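Asker: Below is one structure. I have some questions about it.
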Amino acid sequence: MNVLLTGGAGFIGSHTAIILSERGHDIVVLDNFSNSKPSVIQRIERITGRSCPCEEADLTDAEAVDAVFRRWKFDAVIHFAGFKAVGESVEKPLEYYENNLIGTLKLMEAMTNHDVGDIIFSSSATVYRGDSPAPYYEDYPLGASNPYGWTKVMIERMLRDVCAADSRWAAVLLRYFNPIGAHPSGLLGEDPNGIPNNLLPYVAKVAVGELPVVRIFGDDYDTPDGTGVRDYIHVMDLARGHLLALDYIRTRRGCFSFNLGTGKGYSVKEVVAAFERACGKPLPSRIDPRRAGDLPEIYANVDLARKELGFSAEFGLSEMCADAWNWQRRSSSASEGL
Ligand code: UFG
């Protein structure tokens with residue numbers, strides 16, 4: 001298939017690009033590189049041995065997006081592009097609504113104009129309102145506690161409405177839990193700008209000495225060891241989920257949502273311990289107060305993805321940490337010119 005990947009230079013987009021390309025799909029990446037680097041495209045090409053055409057464009061620029069659809073013929077779109085920092089979205093809500101909602105709207109208009117009706121959307125476990133107990137099921141009530149989360153809820157709604165109105169559309173909403181890890185080659189991984197917000201990239205930077213200490217946000221939650229529990233999933237497993245979703249909508253119309261996780265929760269302390277095993281040394285850590293807005297325990301029920309998509313995660317926490325460490329080690333020594 002010919003597949004457009006918006007945000008294809010980002011963390012999840014780039015790993016998905018590799019899997020799709022390796023399975024023989026022809027991909028085009030559309031990215032504005034606002035939170036990614038053009039060098040990612042060369043890395044994708046190096047890993048796959050295939051060319052990865054890239055269009056530098058902003059989704060909110062309707063003319064630029066339409067031009068991409070005029071230049072290429074697509075069978076499907078995987079829509080990763082979007083701002084994704086929870087805290088920043090609270091400070092800059094309009095930027096989040098503008099970028100994520102208007103960007104998606106322009107993308108969907110271009111799809112309509114060019115008769116492309118198949119879309120897979122990067123949604124998130126953040127769309128669950130958070131007042132129901134884990135595990136999270138796809139039919140749990142939706143809601144959000146920050147503008148970033150609301151953009152995901154609203155985009156899901158837009159896609160659902162369009163699928164209901166027009167039988168040429170089919171959408172798969174993939175609700176990611178906590179994607180971590182990296183490509184096993186060590187050439188691609190998560191590379192956030194500035195100080196990371198998320199646990200894994202933070203721990204990885206402590207392991208290479210770029211940050212002094214792992215801060216554990218709260219050890220008084222009602223969880224087995226008192227620290228927050230999340231459903232971490234290897235980014236290569238997540239990427240494979242997109243491949244299965246592409247196959248799934250080929251023969252179906254309508255809107256479908258699936259959790260992508262492992263179905264198993266790990267605590268912050270368990271993650272730090274697994275990373276210590278991966279990097280072979282103890283990491284300094286301290287207990288800090290709870291982070292505002294965090295929930296004690298979030299993990300997926302994965303029965304629906306298994307039954308409908310045939311998806312189940314292959315990699316466990318030790319592989320996730322080993323690959324994240326391999327990537328962090330290589331990218332830190334590369335930036336030091338070693
Ligand atoms: N944590 C720490 N120290 C840190 C960072 C995080 O103890 O330095 C803890 C958090 O309190 C939480 C766990 O580690 O218990 C995971 O935190 P992350 O920031 O890595 O991930 P979140 O689960 O908070 O959020 C992630 C994505 C969101 C998405 C959400 C969906 O970052 O975009 O999953 O559940 F919305």
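Note on naming: chains are A, B, ... as they come in the structure tokens, residues start from 1 per chain, ligands start from 1 in the order shown.
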Set the cut-off to 6 Å, count only C-alpha atoms and all ligand atoms, and list whatever residues fall near ligand 1 as a ChimeraX atom specification.
Answerer: /A:84,124-126,177-178,197-199,202,215-217,228-229,268,291,294
Asker: Using C-alpha atoms, can you write the selected residues to a file as a PDB file, in the first residue's frame?
Answerer:
ATOM      1  CA  LYS A  84       2.117  15.873  23.077  1.00  0.00           C
ATOM      2  CA  SER A 124      -3.762   7.679  23.845  1.00  0.00           C
ATOM      3  CA  ALA A 125      -4.840   6.087  27.090  1.00  0.00           C
ATOM      4  CA  THR A 126      -5.247   9.682  28.218  1.00  0.00           C
ATOM      5  CA  PHE A 177      -0.397   3.260  26.780  1.00  0.00           C
ATOM      6  CA  ASN A 178       3.252   4.109  27.648  1.00  0.00           C
ATOM      7  CA  ASN A 197       8.951  14.763  31.162  1.00  0.00           C
ATOM      8  CA  ASN A 198       8.457  11.030  30.816  1.00  0.00           C
ATOM      9  CA  LEU A 199       9.987   8.473  33.105  1.00  0.00           C
ATOM     10  CA  TYR A 202      14.601  10.736  32.217  1.00  0.00           C
ATOM     11  CA  ARG A 215      12.910  11.640  40.861  1.00  0.00           C
ATOM     12  CA  ILE A 216      10.186   9.212  41.883  1.00  0.00           C
ATOM     13  CA  PHE A 217       6.940  11.166  41.979  1.00  0.00           C
ATOM     14  CA  GLY A 228       2.709   4.789  40.137  1.00  0.00           C
ATOM     15  CA  VAL A 229       1.890   1.827  37.904  1.00  0.00           C
ATOM     16  CA  VAL A 268       8.154   3.310  38.836  1.00  0.00           C
ATOM     17  CA  ARG A 291       3.115  15.014  40.324  1.00  0.00           C
ATOM     18  CA  ASP A 294      -1.060  11.645  37.994  1.00  0.00           C
TER      19      ASP A 294
END
Asker: Val77 (chain A): which residues within 7 Å, counting only C-alpha atoms, same-chain residues fewer than 5 positions away excluded, as a list in words?
Answerer: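 Once the nearby chain positions are removed, what remains is Val3, Leu4, Leu5, Asp118, Ile119 and Ile120 of chain A.
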Asker: Just list the residues in region 10-205 of chain A DSSP gives helix (DSSP H, G or I) on the backbone, as a PyMOL selection string.
Answerer: chain A and resi 11-22+39-48+62-71+86-91+93-113+125-127+147-165+199-205
Asker: Could you check which of A:Ile44, A:Leu174, A:Leu20, A:Val29 is closest to Phe258 (chain A), using only C-alpha atoms?
Answerer: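 Result for the nearest residue to Phe258 (chain A): A:Leu174.
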Asker: Pick out each residue of region 79-322 of chain A that DSSP on the backbone tags as strand (DSSP E or B); I need them as a PyMOL selection string.
Answerer: chain A and resi 79+118-124+128+136+142+170-176+178-180+214-217+229-230+232-234+254-260+266-267+285-288+297-298+300
Asker: Write the residues you've just listed into a file as a PDB file, in the first residue's frame, and include C-alpha atoms for each of them.
Answerer:
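Saved the output as selection.pdb:
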ATOM      1  CA  HIS A  79      -1.726  10.300  11.640  1.00  0.00           C
ATOM      2  CA  ASP A 118      -8.558   5.045   5.474  1.00  0.00           C
ATOM      3  CA  ILE A 119      -6.914   6.541   8.538  1.00  0.00           C
ATOM      4  CA  ILE A 120      -5.169   5.225  11.620  1.00  0.00           C
ATOM      5  CA  PHE A 121      -4.937   7.726  14.444  1.00  0.00           C
ATOM      6  CA  SER A 122      -2.371   7.953  17.262  1.00  0.00           C
ATOM      7  CA  SER A 123      -4.667   8.213  20.226  1.00  0.00           C
ATOM      8  CA  SER A 124      -3.762   7.679  23.845  1.00  0.00           C
ATOM      9  CA  TYR A 128     -10.054   7.578  29.411  1.00  0.00           C
ATOM     10  CA  TYR A 136      -8.976   0.139  31.027  1.00  0.00           C
ATOM     11  CA  LEU A 142     -13.961   9.312  27.732  1.00  0.00           C
ATOM     12  CA  ALA A 170     -12.683   3.918   7.948  1.00  0.00           C
ATOM     13  CA  ALA A 171     -10.710   4.861  11.042  1.00  0.00           C
ATOM     14  CA  VAL A 172      -8.777   2.914  13.646  1.00  0.00           C
ATOM     15  CA  LEU A 173      -8.136   4.814  16.863  1.00  0.00           C
ATOM     16  CA  LEU A 174      -5.107   3.275  18.531  1.00  0.00           C
ATOM     17  CA  ARG A 175      -4.955   4.166  22.200  1.00  0.00           C
ATOM     18  CA  TYR A 176      -1.331   3.905  23.188  1.00  0.00           C
ATOM     19  CA  ASN A 178       3.252   4.109  27.648  1.00  0.00           C
ATOM     20  CA  PRO A 179       5.517   3.529  24.629  1.00  0.00           C
ATOM     21  CA  ILE A 180       9.199   3.148  25.514  1.00  0.00           C
ATOM     22  CA  VAL A 214      15.829   9.915  39.176  1.00  0.00           C
ATOM     23  CA  ARG A 215      12.910  11.640  40.861  1.00  0.00           C
ATOM     24  CA  ILE A 216      10.186   9.212  41.883  1.00  0.00           C
ATOM     25  CA  PHE A 217       6.940  11.166  41.979  1.00  0.00           C
ATOM     26  CA  VAL A 229       1.890   1.827  37.904  1.00  0.00           C
ATOM     27  CA  ARG A 230       1.799   2.084  34.096  1.00  0.00           C
ATOM     28  CA  TYR A 232       4.813   0.194  29.272  1.00  0.00           C
ATOM     29  CA  ILE A 233       4.945  -1.144  25.716  1.00  0.00           C
ATOM     30  CA  HIS A 234       7.968  -1.548  23.437  1.00  0.00           C
ATOM     31  CA  GLY A 254     -16.530   2.486  10.192  1.00  0.00           C
ATOM     32  CA  CYS A 255     -14.608   3.603  13.258  1.00  0.00           C
ATOM     33  CA  PHE A 256     -12.822   1.188  15.612  1.00  0.00           C
ATOM     34  CA  SER A 257     -10.844   1.816  18.790  1.00  0.00           C
ATOM     35  CA  PHE A 258      -8.212  -0.446  20.331  1.00  0.00           C
ATOM     36  CA  ASN A 259      -5.913  -0.293  23.315  1.00  0.00           C
ATOM     37  CA  LEU A 260      -2.267  -0.946  22.532  1.00  0.00           C
ATOM     38  CA  TYR A 266       4.884  -1.959  36.268  1.00  0.00           C
ATOM     39  CA  SER A 267       5.652   0.471  39.066  1.00  0.00           C
ATOM     40  CA  SER A 285      17.024   8.126  42.969  1.00  0.00           C
ATOM     41  CA  ARG A 286      14.991  10.079  45.462  1.00  0.00           C
ATOM     42  CA  ILE A 287      11.328  10.265  46.432  1.00  0.00           C
ATOM     43  CA  ASP A 288       9.670  13.530  45.408  1.00  0.00           C
ATOM     44  CA  GLU A 297      -2.547   2.874  38.235  1.00  0.00           C
ATOM     45  CA  ILE A 298      -3.132   2.775  34.459  1.00  0.00           C
ATOM     46  CA  ALA A 300      -4.874  -1.791  29.480  1.00  0.00           C
TER      47      ALA A 300
END
Asker: Can you tell me which residues surround Ile41 (chain A) at a distance of at most 10 Å, considering only C-alpha atoms, apart from same-chain residues fewer than 2 positions away, and format the answer as a PyMOL selection string?
Answerer: chain A and resi 8-10+14+17+29+37-39+43-46+51-54
